[in-house]
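Just run.txt here, compact mmCIF, C-alpha atoms and all ligand atoms:
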# COMPACT_ATOMS: atom_id res chain seq x y z
CA MET A 1 7.37 -46.21 -12.30
CA SER A 2 10.52 -48.14 -13.00
CA GLY A 3 13.09 -48.71 -15.73
CA SER A 4 16.56 -47.37 -16.16
CA PHE A 5 15.73 -44.30 -18.28
CA LEU A 6 13.66 -41.26 -17.54
CA LYS A 7 10.42 -41.04 -19.49
CA VAL A 8 10.67 -37.40 -20.49
CA ILE A 9 7.57 -35.27 -21.03
CA ALA A 10 7.18 -31.63 -22.15
CA VAL A 11 7.30 -28.92 -19.51
CA SER A 12 3.76 -27.79 -20.33
CA GLU A 13 2.53 -31.34 -19.80
CA ALA A 14 4.42 -31.56 -16.51
CA VAL A 15 2.96 -28.22 -15.38
CA LYS A 16 -0.54 -29.46 -16.16
CA ILE A 17 -0.02 -32.59 -14.07
CA ALA A 18 1.68 -30.60 -11.32
CA GLU A 19 -1.17 -28.10 -11.12
CA SER A 20 -3.78 -30.85 -11.12
CA ILE A 21 -2.49 -32.27 -7.83
CA VAL A 22 -2.31 -28.95 -6.00
CA PRO A 23 -4.89 -28.77 -3.20
CA VAL A 24 -6.95 -25.71 -2.39
CA VAL A 25 -5.71 -24.03 0.76
CA ASP A 26 -8.21 -22.77 3.30
CA SER A 27 -8.55 -19.19 4.45
CA GLU A 28 -8.09 -17.30 7.70
CA ASN A 29 -9.02 -13.89 9.07
CA VAL A 30 -6.26 -11.41 9.80
CA ASP A 31 -6.23 -7.88 11.19
CA LEU A 32 -6.42 -5.23 8.48
CA GLU A 33 -2.96 -4.07 9.52
CA ASP A 34 -1.55 -7.50 8.66
CA ALA A 35 -3.40 -7.96 5.37
CA TYR A 36 -0.93 -6.18 3.10
CA GLY A 37 0.39 -8.52 0.39
CA ARG A 38 -2.12 -11.26 1.29
CA ILE A 39 -4.66 -12.75 -1.11
CA LEU A 40 -8.28 -11.83 -0.49
CA ALA A 41 -10.29 -15.02 0.08
CA GLU A 42 -13.80 -13.54 -0.25
CA ASP A 43 -15.31 -10.58 -2.10
CA ALA A 44 -14.92 -7.40 -0.07
CA VAL A 45 -18.27 -5.63 0.26
CA SER A 46 -18.93 -2.12 1.53
CA ASP A 47 -20.98 -2.08 4.74
CA ILE A 48 -22.12 1.52 4.20
CA ASP A 49 -22.64 4.14 1.49
CA ILE A 50 -19.37 6.00 0.94
CA PRO A 51 -19.57 8.85 1.53
CA GLY A 52 -22.49 8.46 3.90
CA PHE A 53 -23.75 11.99 3.18
CA ASP A 54 -23.49 14.59 0.40
CA LYS A 55 -20.27 16.45 1.10
CA SER A 56 -18.16 19.26 -0.21
CA TRP A 57 -14.78 18.40 -1.67
CA LYS A 58 -13.53 21.99 -1.65
CA ASP A 59 -13.25 24.75 0.93
CA GLY A 60 -15.77 27.39 -0.08
CA TYR A 61 -19.44 28.28 0.05
CA ALA A 62 -22.45 26.03 -0.36
CA VAL A 63 -24.80 27.76 -2.79
CA ILE A 64 -27.80 27.28 -5.06
CA ALA A 65 -26.05 26.86 -8.43
CA SER A 66 -28.78 28.59 -10.45
CA GLU A 67 -28.16 31.80 -8.49
CA THR A 68 -24.55 32.02 -9.70
CA VAL A 69 -25.19 31.78 -13.46
CA THR A 70 -24.35 35.43 -14.17
CA ALA A 71 -21.40 35.74 -11.77
CA THR A 72 -18.20 37.31 -13.18
CA ASP A 73 -15.19 39.13 -11.74
CA ASN A 74 -16.74 42.50 -12.70
CA MET A 75 -20.34 41.64 -11.83
CA PRO A 76 -20.20 39.28 -8.84
CA VAL A 77 -23.36 37.78 -7.36
CA MET A 78 -23.87 38.83 -3.75
CA LEU A 79 -25.11 36.21 -1.26
CA ARG A 80 -25.81 36.58 2.46
CA LEU A 81 -23.42 34.54 4.58
CA ALA A 82 -25.70 32.48 6.84
CA GLY A 83 -22.93 30.92 8.93
CA ARG A 84 -20.37 28.14 8.88
CA ILE A 85 -20.82 24.40 8.65
CA PRO A 86 -18.61 22.48 11.10
CA MET A 87 -16.80 19.21 10.31
CA GLY A 88 -18.25 16.01 11.72
CA ILE A 89 -21.67 15.49 13.21
CA GLY A 90 -23.49 18.80 13.39
CA GLU A 91 -27.04 20.07 13.39
CA ASP A 92 -28.96 19.87 10.09
CA ARG A 93 -28.39 23.07 8.15
CA SER A 94 -30.15 24.55 5.16
CA ILE A 95 -30.10 27.59 2.94
CA VAL A 96 -32.75 29.50 1.09
CA LYS A 97 -32.51 31.76 -1.98
CA GLY A 98 -30.03 34.59 -1.62
CA GLU A 99 -27.96 32.75 1.02
CA CYS A 100 -24.78 30.75 1.24
CA LEU A 101 -23.00 28.84 3.99
CA ASN A 102 -19.27 28.63 4.50
CA ILE A 103 -18.27 24.95 4.15
CA PRO A 104 -14.95 23.12 4.63
CA THR A 105 -13.68 20.22 2.49
CA GLY A 106 -15.51 17.17 3.80
CA GLY A 107 -18.30 19.26 5.34
CA ARG A 108 -21.87 18.05 5.03
CA MET A 109 -23.89 19.87 2.39
CA PRO A 110 -26.80 21.89 3.75
CA ALA A 111 -30.32 21.18 2.49
CA GLY A 112 -31.25 23.49 -0.37
CA ALA A 113 -27.67 23.89 -1.66
CA ASP A 114 -26.53 21.96 -4.73
CA ALA A 115 -22.99 23.22 -5.40
CA VAL A 116 -19.90 24.68 -3.76
CA VAL A 117 -18.09 27.80 -4.96
CA MET A 118 -14.40 27.58 -4.18
CA LEU A 119 -13.04 30.12 -1.70
CA GLU A 120 -10.66 31.40 -4.40
CA TYR A 121 -13.57 32.67 -6.50
CA THR A 122 -15.18 34.71 -3.76
CA ASP A 123 -14.64 37.84 -1.66
CA GLU A 124 -16.14 38.57 1.71
CA VAL A 125 -17.50 42.07 2.17
CA ALA A 126 -19.15 43.05 5.45
CA GLY A 127 -20.83 39.71 6.07
CA ASP A 128 -21.81 39.16 2.46
CA ILE A 129 -20.09 36.90 -0.04
CA LEU A 130 -19.31 38.07 -3.55
CA VAL A 131 -19.33 35.10 -5.94
CA LYS A 132 -17.20 35.80 -9.03
CA ARG A 133 -17.70 32.57 -11.00
CA PRO A 134 -20.75 30.49 -11.78
CA VAL A 135 -20.96 26.88 -10.61
CA ALA A 136 -22.96 24.07 -12.18
CA PRO A 137 -25.32 21.93 -10.10
CA GLY A 138 -23.29 19.23 -8.34
CA GLU A 139 -19.99 21.06 -8.81
CA ASN A 140 -17.50 20.37 -6.00
CA VAL A 141 -19.97 18.06 -4.29
CA ILE A 142 -19.57 14.29 -3.73
CA CYS A 143 -22.97 12.67 -3.44
CA ARG A 144 -23.88 10.04 -0.88
CA GLY A 145 -22.76 6.60 -2.16
CA GLU A 146 -20.91 8.11 -5.12
CA ASP A 147 -17.67 6.33 -4.16
CA PHE A 148 -19.24 3.01 -3.14
CA LYS A 149 -22.83 2.00 -2.51
CA LYS A 150 -23.69 -0.09 0.54
CA ASP A 151 -23.42 -3.84 -0.29
CA SER A 152 -21.45 -3.21 -3.50
CA VAL A 153 -18.39 -5.41 -4.20
CA VAL A 154 -15.27 -3.30 -3.89
CA TYR A 155 -12.72 -6.10 -4.47
CA LYS A 156 -13.18 -9.57 -5.88
CA ALA A 157 -11.74 -12.60 -4.09
CA GLY A 158 -8.28 -13.55 -5.35
CA LYS A 159 -6.87 -10.01 -5.31
CA VAL A 160 -3.39 -9.50 -3.89
CA LEU A 161 -3.85 -6.63 -1.47
CA THR A 162 -1.76 -3.52 -2.13
CA ALA A 163 -1.27 -0.53 0.16
CA SER A 164 -4.10 1.37 -1.55
CA ASP A 165 -6.39 -1.65 -1.19
CA ILE A 166 -5.76 -1.67 2.56
CA GLY A 167 -6.90 1.97 2.63
CA ALA A 168 -10.08 1.15 0.73
CA LEU A 169 -10.76 -1.84 3.01
CA ALA A 170 -10.49 0.51 6.00
CA ALA A 171 -13.13 2.75 4.41
CA ILE A 172 -15.55 -0.15 4.01
CA GLY A 173 -15.13 -1.28 7.61
CA CYS A 174 -13.11 -4.43 6.94
CA ALA A 175 -11.34 -4.64 10.32
CA ARG A 176 -10.66 -8.38 9.93
CA VAL A 177 -9.84 -9.52 6.42
CA PRO A 178 -10.52 -13.01 5.06
CA VAL A 179 -7.32 -14.05 3.28
CA LYS A 180 -5.89 -17.26 1.92
CA ARG A 181 -3.76 -19.09 4.45
CA LYS A 182 -0.11 -19.02 3.51
CA PRO A 183 0.82 -22.53 2.37
CA VAL A 184 3.66 -24.27 4.18
CA ILE A 185 6.38 -25.62 1.91
CA GLY A 186 8.54 -28.40 3.32
CA ILE A 187 12.09 -28.37 1.97
CA ILE A 188 14.47 -31.33 2.12
CA SER A 189 18.01 -31.48 0.77
CA THR A 190 19.59 -34.82 -0.05
CA GLY A 191 23.22 -35.74 -0.58
CA ILE A 192 25.99 -37.21 1.52
CA GLU A 193 28.26 -34.44 0.27
CA ILE A 194 26.01 -31.59 1.45
CA VAL A 195 27.01 -29.49 4.46
CA ASP A 196 25.23 -26.48 5.96
CA VAL A 197 26.20 -22.92 5.01
CA ASP A 198 28.07 -22.20 8.21
CA THR A 199 30.56 -25.00 7.45
CA VAL A 200 33.62 -24.67 5.22
CA PRO A 201 33.26 -27.63 2.85
CA ASP A 202 35.97 -30.27 2.87
CA ILE A 203 37.19 -31.62 -0.45
CA GLY A 204 34.27 -33.44 -2.03
CA GLN A 205 31.72 -31.58 0.06
CA ILE A 206 29.45 -28.76 -1.03
CA ARG A 207 27.35 -26.20 0.82
CA ASP A 208 23.59 -26.63 0.92
CA VAL A 209 22.48 -23.99 -1.56
CA ASN A 210 19.12 -25.47 -2.43
CA SER A 211 17.42 -25.37 0.97
CA TYR A 212 17.95 -21.66 1.03
CA LEU A 213 17.18 -21.20 -2.65
CA CYS A 214 13.90 -23.09 -2.30
CA SER A 215 13.10 -21.31 0.93
CA ALA A 216 13.57 -17.87 -0.63
CA PHE A 217 11.57 -18.90 -3.68
CA ALA A 218 8.73 -20.12 -1.46
CA LYS A 219 8.75 -16.83 0.42
CA LYS A 220 8.81 -14.84 -2.79
CA SER A 221 5.77 -16.85 -3.90
CA GLY A 222 3.82 -15.96 -0.76
CA CYS A 223 4.40 -19.25 1.10
CA ILE A 224 5.96 -20.19 4.43
CA PRO A 225 9.12 -22.27 3.93
CA ARG A 226 10.11 -24.99 6.42
CA ARG A 227 13.60 -26.36 5.98
CA LEU A 228 13.43 -29.95 7.18
CA GLY A 229 17.12 -30.81 7.03
CA ILE A 230 19.63 -32.74 4.96
CA VAL A 231 19.19 -36.45 4.23
CA ARG A 232 22.28 -38.51 3.34
CA ASP A 233 21.03 -40.37 0.24
CA ASP A 234 19.27 -42.90 2.44
CA CYS A 235 15.95 -44.13 1.13
CA GLU A 236 14.51 -45.16 4.51
CA GLU A 237 15.57 -41.91 6.14
CA LEU A 238 13.97 -39.93 3.30
CA LYS A 239 10.79 -42.01 3.44
CA ALA A 240 10.45 -41.34 7.16
CA LEU A 241 10.98 -37.63 6.67
CA LEU A 242 8.48 -37.48 3.79
CA ASN A 243 5.90 -39.37 5.81
CA ASP A 244 6.29 -36.98 8.67
CA ALA A 245 6.23 -33.90 6.42
CA LYS A 246 3.14 -34.80 4.44
CA ASP A 247 0.74 -33.81 7.23
CA LYS A 248 2.63 -30.71 8.28
CA CYS A 249 3.19 -29.21 4.84
CA ASP A 250 1.01 -28.23 1.89
CA LEU A 251 3.73 -29.16 -0.60
CA ILE A 252 7.17 -30.76 -0.30
CA LEU A 253 10.30 -30.00 -2.30
CA VAL A 254 13.14 -32.52 -2.28
CA SER A 255 16.41 -31.38 -3.80
CA GLY A 256 18.99 -33.83 -5.17
CA GLY A 257 18.97 -37.53 -5.90
CA SER A 258 16.19 -37.18 -8.45
CA SER A 259 17.93 -38.95 -11.33
CA LYS A 260 18.41 -42.67 -11.92
CA ASP A 261 21.90 -43.21 -10.57
CA LEU A 262 22.36 -45.89 -7.89
CA LYS A 263 22.82 -43.24 -5.20
CA ASP A 264 19.65 -41.42 -6.28
CA VAL A 265 16.91 -42.38 -3.86
CA THR A 266 14.28 -39.65 -4.22
CA ALA A 267 12.01 -41.40 -6.74
CA GLN A 268 12.27 -44.66 -4.81
CA ALA A 269 11.45 -42.94 -1.52
CA ILE A 270 8.43 -41.10 -2.96
CA TYR A 271 7.30 -44.32 -4.60
CA GLY A 272 7.66 -46.07 -1.25
CA VAL A 273 5.29 -43.73 0.60
CA GLY A 274 3.18 -42.32 -2.24
CA GLU A 275 2.98 -42.04 -6.00
CA VAL A 276 5.37 -40.91 -8.71
CA LEU A 277 3.43 -39.27 -11.55
CA VAL A 278 6.25 -37.78 -13.61
CA HIS A 279 9.92 -38.68 -13.76
CA GLY A 280 11.74 -36.71 -16.44
CA VAL A 281 10.90 -33.37 -18.05
CA ALA A 282 12.25 -31.92 -21.30
CA LEU A 283 14.01 -29.07 -19.57
CA ALA A 284 17.67 -28.11 -19.65
CA PRO A 285 18.87 -27.86 -17.00
CA GLY A 286 16.26 -29.71 -14.99
CA LYS A 287 15.58 -32.95 -16.83
CA PRO A 288 15.51 -35.38 -13.87
CA THR A 289 12.48 -33.80 -12.25
CA ILE A 290 9.98 -35.87 -10.27
CA ILE A 291 6.37 -34.95 -9.61
CA GLY A 292 4.41 -37.08 -7.23
CA LYS A 293 2.22 -37.05 -4.18
CA ILE A 294 2.12 -38.54 -0.74
CA GLY A 295 -1.47 -38.81 0.33
CA GLU A 296 -2.89 -35.48 -0.84
CA THR A 297 0.40 -33.62 -0.48
CA PRO A 298 2.22 -32.86 -3.73
CA VAL A 299 5.95 -33.51 -3.77
CA VAL A 300 8.51 -32.37 -6.31
CA GLY A 301 11.91 -34.01 -6.64
CA ILE A 302 14.28 -31.44 -8.05
CA PRO A 303 17.73 -32.12 -9.52
CA GLY A 304 20.40 -30.98 -7.09
CA HIS A 305 22.44 -28.67 -9.20
CA PRO A 306 21.37 -25.20 -8.07
CA ALA A 307 21.04 -23.89 -11.65
CA ALA A 308 18.73 -26.80 -12.41
CA THR A 309 16.92 -26.33 -9.11
CA TYR A 310 16.22 -22.72 -9.93
CA MET A 311 15.04 -23.57 -13.41
CA VAL A 312 12.60 -26.19 -12.10
CA LEU A 313 11.37 -23.81 -9.42
CA SER A 314 10.87 -21.10 -12.02
CA VAL A 315 9.14 -23.05 -14.77
CA ILE A 316 7.27 -25.77 -12.86
CA VAL A 317 7.04 -25.21 -9.10
CA ARG A 318 6.11 -21.57 -9.56
CA HIS A 319 2.75 -22.59 -11.09
CA MET A 320 2.09 -24.99 -8.22
CA LEU A 321 2.81 -22.36 -5.59
CA ARG A 322 0.64 -19.80 -7.35
CA LYS A 323 -2.27 -22.20 -7.43
CA LEU A 324 -1.64 -23.32 -3.87
CA CYS A 325 -1.77 -19.70 -2.71
CA GLY A 326 -5.11 -19.22 -4.48
CA LEU A 327 -3.84 -16.84 -7.14
CA GLU A 328 -5.59 -16.96 -10.50
CA LYS A 329 -3.00 -14.98 -12.41
CA GLU A 330 0.70 -14.38 -12.05
CA ASN A 331 1.51 -11.37 -10.03
CA GLY A 332 4.09 -9.08 -11.62
CA THR A 333 6.71 -11.70 -12.40
CA LEU A 334 6.40 -11.53 -16.19
CA ARG A 335 7.96 -8.77 -18.23
CA SER A 336 7.85 -8.13 -21.99
CA ALA A 337 11.15 -7.39 -23.72
CA LYS A 338 12.54 -7.37 -27.26
CA LEU A 339 15.16 -9.99 -28.02
CA LEU A 340 18.68 -8.68 -28.62
CA THR A 341 19.80 -11.65 -30.74
CA ASN A 342 18.25 -14.64 -32.47
CA ILE A 343 17.57 -17.86 -30.57
CA ALA A 344 17.71 -21.02 -32.66
CA SER A 345 15.58 -23.89 -31.47
CA GLU A 346 14.84 -27.44 -32.47
CA LYS A 347 11.37 -27.44 -33.95
CA GLY A 348 8.99 -29.54 -31.95
CA ARG A 349 10.70 -29.21 -28.61
CA GLU A 350 9.70 -26.70 -26.00
CA GLU A 351 12.73 -24.86 -24.69
CA TYR A 352 13.61 -22.47 -21.92
CA VAL A 353 16.45 -20.01 -22.45
CA ARG A 354 17.93 -17.82 -19.75
CA VAL A 355 18.20 -14.15 -20.62
CA ARG A 356 19.81 -11.05 -19.20
CA ILE A 357 17.93 -7.76 -19.42
CA THR A 358 20.33 -5.16 -20.86
CA GLU A 359 20.45 -1.50 -19.81
CA ASP A 360 18.29 -0.73 -22.85
CA GLY A 361 15.67 -3.19 -21.65
CA LEU A 362 16.45 -5.84 -24.29
CA ALA A 363 16.48 -9.55 -23.53
CA GLU A 364 19.91 -11.00 -24.29
CA PRO A 365 19.92 -14.81 -24.51
CA LEU A 366 22.70 -16.44 -22.47
CA PHE A 367 24.08 -19.66 -23.82
CA GLY A 368 26.86 -21.84 -22.47
CA LYS A 369 27.01 -24.57 -19.89
CA SER A 370 23.48 -24.75 -18.64
CA GLY A 371 24.40 -26.23 -15.29
CA LEU A 372 26.70 -23.55 -13.98
CA LEU A 373 25.54 -21.46 -11.07
CA ASN A 374 26.99 -18.35 -12.69
CA THR A 375 24.42 -18.55 -15.50
CA ILE A 376 21.80 -17.93 -12.84
CA VAL A 377 23.78 -15.09 -11.35
CA GLU A 378 24.26 -13.43 -14.72
CA SER A 379 20.73 -13.92 -16.01
CA ASP A 380 17.62 -12.04 -14.95
CA GLY A 381 15.01 -14.52 -16.07
CA VAL A 382 13.92 -17.17 -18.51
CA VAL A 383 12.10 -17.13 -21.86
CA LYS A 384 9.95 -19.96 -23.13
CA ILE A 385 10.20 -21.07 -26.72
CA ALA A 386 7.03 -22.93 -27.50
CA ALA A 387 7.04 -26.39 -29.07
CA GLY A 388 6.79 -26.17 -32.85
CA CYS A 389 8.58 -22.82 -32.94
CA GLU A 390 11.78 -22.78 -34.98
CA GLY A 391 13.40 -20.22 -32.74
CA LEU A 392 12.97 -16.53 -32.17
CA GLU A 393 14.40 -13.56 -34.05
CA ALA A 394 16.15 -10.48 -32.75
CA GLY A 395 13.57 -7.73 -32.21
CA GLU A 396 10.72 -10.11 -31.40
CA VAL A 397 8.89 -9.34 -28.19
CA VAL A 398 9.12 -12.15 -25.65
CA GLU A 399 7.72 -12.71 -22.17
CA VAL A 400 10.44 -13.06 -19.59
CA PHE A 401 9.74 -14.74 -16.27
CA MET A 402 11.91 -12.61 -13.99
CA TRP A 403 13.82 -14.63 -11.39
P1 LIG B 501 22.10 -34.74 -7.59
O1 LIG B 501 20.86 -34.13 -8.16
O2 LIG B 501 21.89 -35.21 -6.19
O3 LIG B 501 22.65 -35.78 -8.49
O4 LIG B 501 23.17 -33.58 -7.50
C1 LIG B 501 23.65 -32.92 -8.64
C2 LIG B 501 24.72 -31.94 -8.27
O5 LIG B 501 24.15 -30.92 -7.44
C3 LIG B 501 25.84 -32.53 -7.46
O6 LIG B 501 27.03 -31.90 -7.87
C4 LIG B 501 25.49 -32.18 -6.05
O7 LIG B 501 26.61 -32.12 -5.22
C5 LIG B 501 24.84 -30.84 -6.22
N1 LIG B 501 23.88 -30.59 -5.15
C6 LIG B 501 22.94 -31.46 -4.71
N2 LIG B 501 22.22 -30.91 -3.72
C7 LIG B 501 22.71 -29.68 -3.53
C8 LIG B 501 22.39 -28.63 -2.64
N3 LIG B 501 21.43 -28.75 -1.74
N4 LIG B 501 23.10 -27.49 -2.72
C9 LIG B 501 24.09 -27.36 -3.64
N5 LIG B 501 24.42 -28.31 -4.51
C10 LIG B 501 23.76 -29.46 -4.45
MG MG B 502 22.81 -36.23 -4.78

What would you get if you wrote out this structure as structure tokens?
Ligand code: AMP
Ligand code: MG
Amino acid sequence: MSGSFLKVIAVSEAVKIAESIVPVVDSENVDLEDAYGRILAEDAVSDIDIPGFDKSWKDGYAVIASETVTATDNMPVMLRLAGRIPMGIGEDRSIVKGECLNIPTGGRMPAGADAVVMLEYTDEVAGDILVKRPVAPGENVICRGEDFKKDSVVYKAGKVLTASDIGALAAIGCARVPVKRKPVIGIISTGIEIVDVDTVPDIGQIRDVNSYLCSAFAKKSGCIPRRLGIVRDDCEELKALLNDAKDKCDLILVSGGSSKDLKDVTAQAIYGVGEVLVHGVALAPGKPTIIGKIGETPVVGIPGHPAATYMVLSVIVRHMLRKLCGLEKENGTLRSAKLLTNIASEKGREEYVRVRITEDGLAEPLFGKSGLLNTIVESDGVVKIAAGCEGLEAGEVVEVFMW
């Protein structure tokens, strides 16, 4: 790609191209204890019936339900107490007509019994049990396999594992969990004026915000960030770094130098070691965005202004990272909110507007200089206005991508 102007394409088009070059990451097995928050790589299947035996889910008495039909407070049914069922592995027990067995929650149902009367609805009198309420067959009993049957799929691949999922995986014997490997994101900052955060910038210098911004965004997206350093607007230096990074990273982000100024070397460097597929996206801020690849490794050149960087991360890179991680759907980053005020928009052009979520949960559009860092600080997320839409009206429900 050459020429002195950017060939701008719509964000949705750029996202499509960006997603199409994202490779599939492989999977790895981790200990169940370490699987929280990871993405399940294979269906999780139960290795046993759960529960593995018919069990009581109340403290009480195992009975034959049909014998309790007439039981009331005034006219209790009297049953002979034949003993107590222990927890855990115990001898096989059974009851016959006229009997009951004391059973704890989780105790194994004796043969012959088909229900459990709760302790609260009984009295014990000289070794006999007075049952004061009837129970239906199956009442207070969990049958073998009622929770999960052996070989049934408990979770489908692609699920982000929550705390409750980890509990369920323990129940089905998943000691090692197949999860998607966390993709490694290489992060490069460019700019002769950029200094690291622990330095007080001299006049003309600026602290490296973007390495950290990109790194945090990668982490938030379930990836492992690798900050690869600051390059001083030198094409050869950047080419060497990109070449080295392509085999060590699953995706590379390069901040700064992505426009067409003489000092901007990112497109040239990517072009030198790989391909440039997109240079220019209809996004404000964020227009001079580059999408390319080096070998099979996708690379995104992001404009250096942090507000633009964050916009590009949020509306383009986010989809790449999701796909790279193996996630089908977005995971809790979208929120519906009613608009507080109208947003005018040029028909035909897709637009992204930053919004603040008010205390009442409304989305307030923030206008003003799109490049300032404080617009990121003050906003909570971004709303997309689709191409062909003449703007949005106050009260309309919009989807906000939360930062
Ligand atoms: P560039 O995209 O390289 O033309 O940079 C655009 C603006 O963003 C300039 O004012 C840069 O100084 C600034 N900038 C570039 N990289 C960074 C960075 N890593 N952190 C903070 N600001 C940056
Ligand atoms: Mg620069």

List every residue of chain A that has an atom at most 9 Å from any atom of ligand LIG 501 (chain B), and for each one report the closest atom pair and its distance in Å to one decimal, counting only C-alpha atoms and all ligand atoms, with rows sorted by chain and then by increasing residue number, as a tab-separated table.
residue	atom	partner	partner_atom	distance
A:Ile188	CA	B:LIG501	N3	8.4
A:Ser189	CA	B:LIG501	N3	5.0
A:Thr190	CA	B:LIG501	N2	6.0
A:Gly191	CA	B:LIG501	O2	5.8
A:Ile192	CA	B:LIG501	O7	8.5
A:Glu193	CA	B:LIG501	O7	6.2
A:Ile194	CA	B:LIG501	C8	6.2
A:Val195	CA	B:LIG501	N3	8.4
A:Asp196	CA	B:LIG501	N3	8.9
A:Gly204	CA	B:LIG501	O7	8.4
A:Gln205	CA	B:LIG501	O7	7.4
A:Ile206	CA	B:LIG501	O7	6.1
A:Arg207	CA	B:LIG501	C9	5.6
A:Asp208	CA	B:LIG501	N4	3.8
A:Val209	CA	B:LIG501	N4	3.7
A:Asn210	CA	B:LIG501	N3	4.1
A:Ser211	CA	B:LIG501	N3	5.9
A:Tyr212	CA	B:LIG501	N3	8.4
A:Leu213	CA	B:LIG501	N4	8.6
A:Ile230	CA	B:LIG501	N3	8.0
A:Asp233	CA	B:LIG501	O2	8.3
A:Ser255	CA	B:LIG501	N2	5.8
A:Gly256	CA	B:LIG501	O2	3.4
A:Gly257	CA	B:LIG501	O2	3.7
A:Ser258	CA	B:LIG501	O1	5.6
A:Ser259	CA	B:LIG501	O3	6.4
A:Lys260	CA	B:LIG501	O3	8.8
A:Asp261	CA	B:LIG501	O3	7.8
A:Lys263	CA	B:LIG501	O2	8.1
A:Asp264	CA	B:LIG501	O2	6.6
A:Pro288	CA	B:LIG501	O1	7.9
A:Ile302	CA	B:LIG501	O1	7.1
A:Pro303	CA	B:LIG501	O1	4.0
A:Gly304	CA	B:LIG501	O1	3.4
A:His305	CA	B:LIG501	O5	3.3
A:Pro306	CA	B:LIG501	N5	5.6
A:Ala307	CA	B:LIG501	O5	8.8
A:Ala308	CA	B:LIG501	O5	8.4
A:Thr309	CA	B:LIG501	C7	8.7

Residues near range 153-165 of chain A, cut-off 6 Å, only C-alpha atoms, skip fewer than 5 positions along chain, as a PyMOL selection string: chain A and resi 36-45+327

Let me see the file: selected residues, C-alpha atoms, as a tab-separated table (two decimals), in the coordinates of the input.
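Final output, saved to out14.tsv:
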chain	number	residue	atom	x	y	z
A	36	TYR	CA	-0.93	-6.18	3.10
A	37	GLY	CA	0.39	-8.52	0.39
A	38	ARG	CA	-2.12	-11.26	1.29
A	39	ILE	CA	-4.66	-12.75	-1.11
A	40	LEU	CA	-8.28	-11.83	-0.49
A	41	ALA	CA	-10.29	-15.02	0.08
A	42	GLU	CA	-13.80	-13.54	-0.25
A	43	ASP	CA	-15.31	-10.58	-2.10
A	44	ALA	CA	-14.92	-7.40	-0.07
A	45	VAL	CA	-18.27	-5.63	0.26
A	327	LEU	CA	-3.84	-16.84	-7.14

Which of these, A:Ile185, A:Ala386, A:Met78, A:Leu339, has the shortest distance to Lys132 in chain A once you count only C-alpha atoms? A:Met78

Could you check which of A:His279, A:Arg354, A:Lys338, A:Arg232 is closest to ligand MG 502 (chain B), using only C-alpha atoms and all ligand atoms?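 Comparing A:His279, A:Arg354, A:Lys338, A:Arg232 against ligand MG 502 (chain B), the winner is A:Arg232.
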
I want to know what sits within 9 Å of Thr122 in chain A, based on all atoms listed in the file, with residues of the same chain fewer than 2 positions away left out; could you give that as a PyMOL selection string? chain A and resi 60-61+76+117-120+124+129-133

Name the closest residue to Pro86 in chain A among the candidates A:Thr70, A:Thr341, A:Asn29, A:Ser56; distances are taken between atoms, counting all atoms listed in the file.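 Of the candidates, the smallest distance to Pro86 in chain A is held by A:Ser56.
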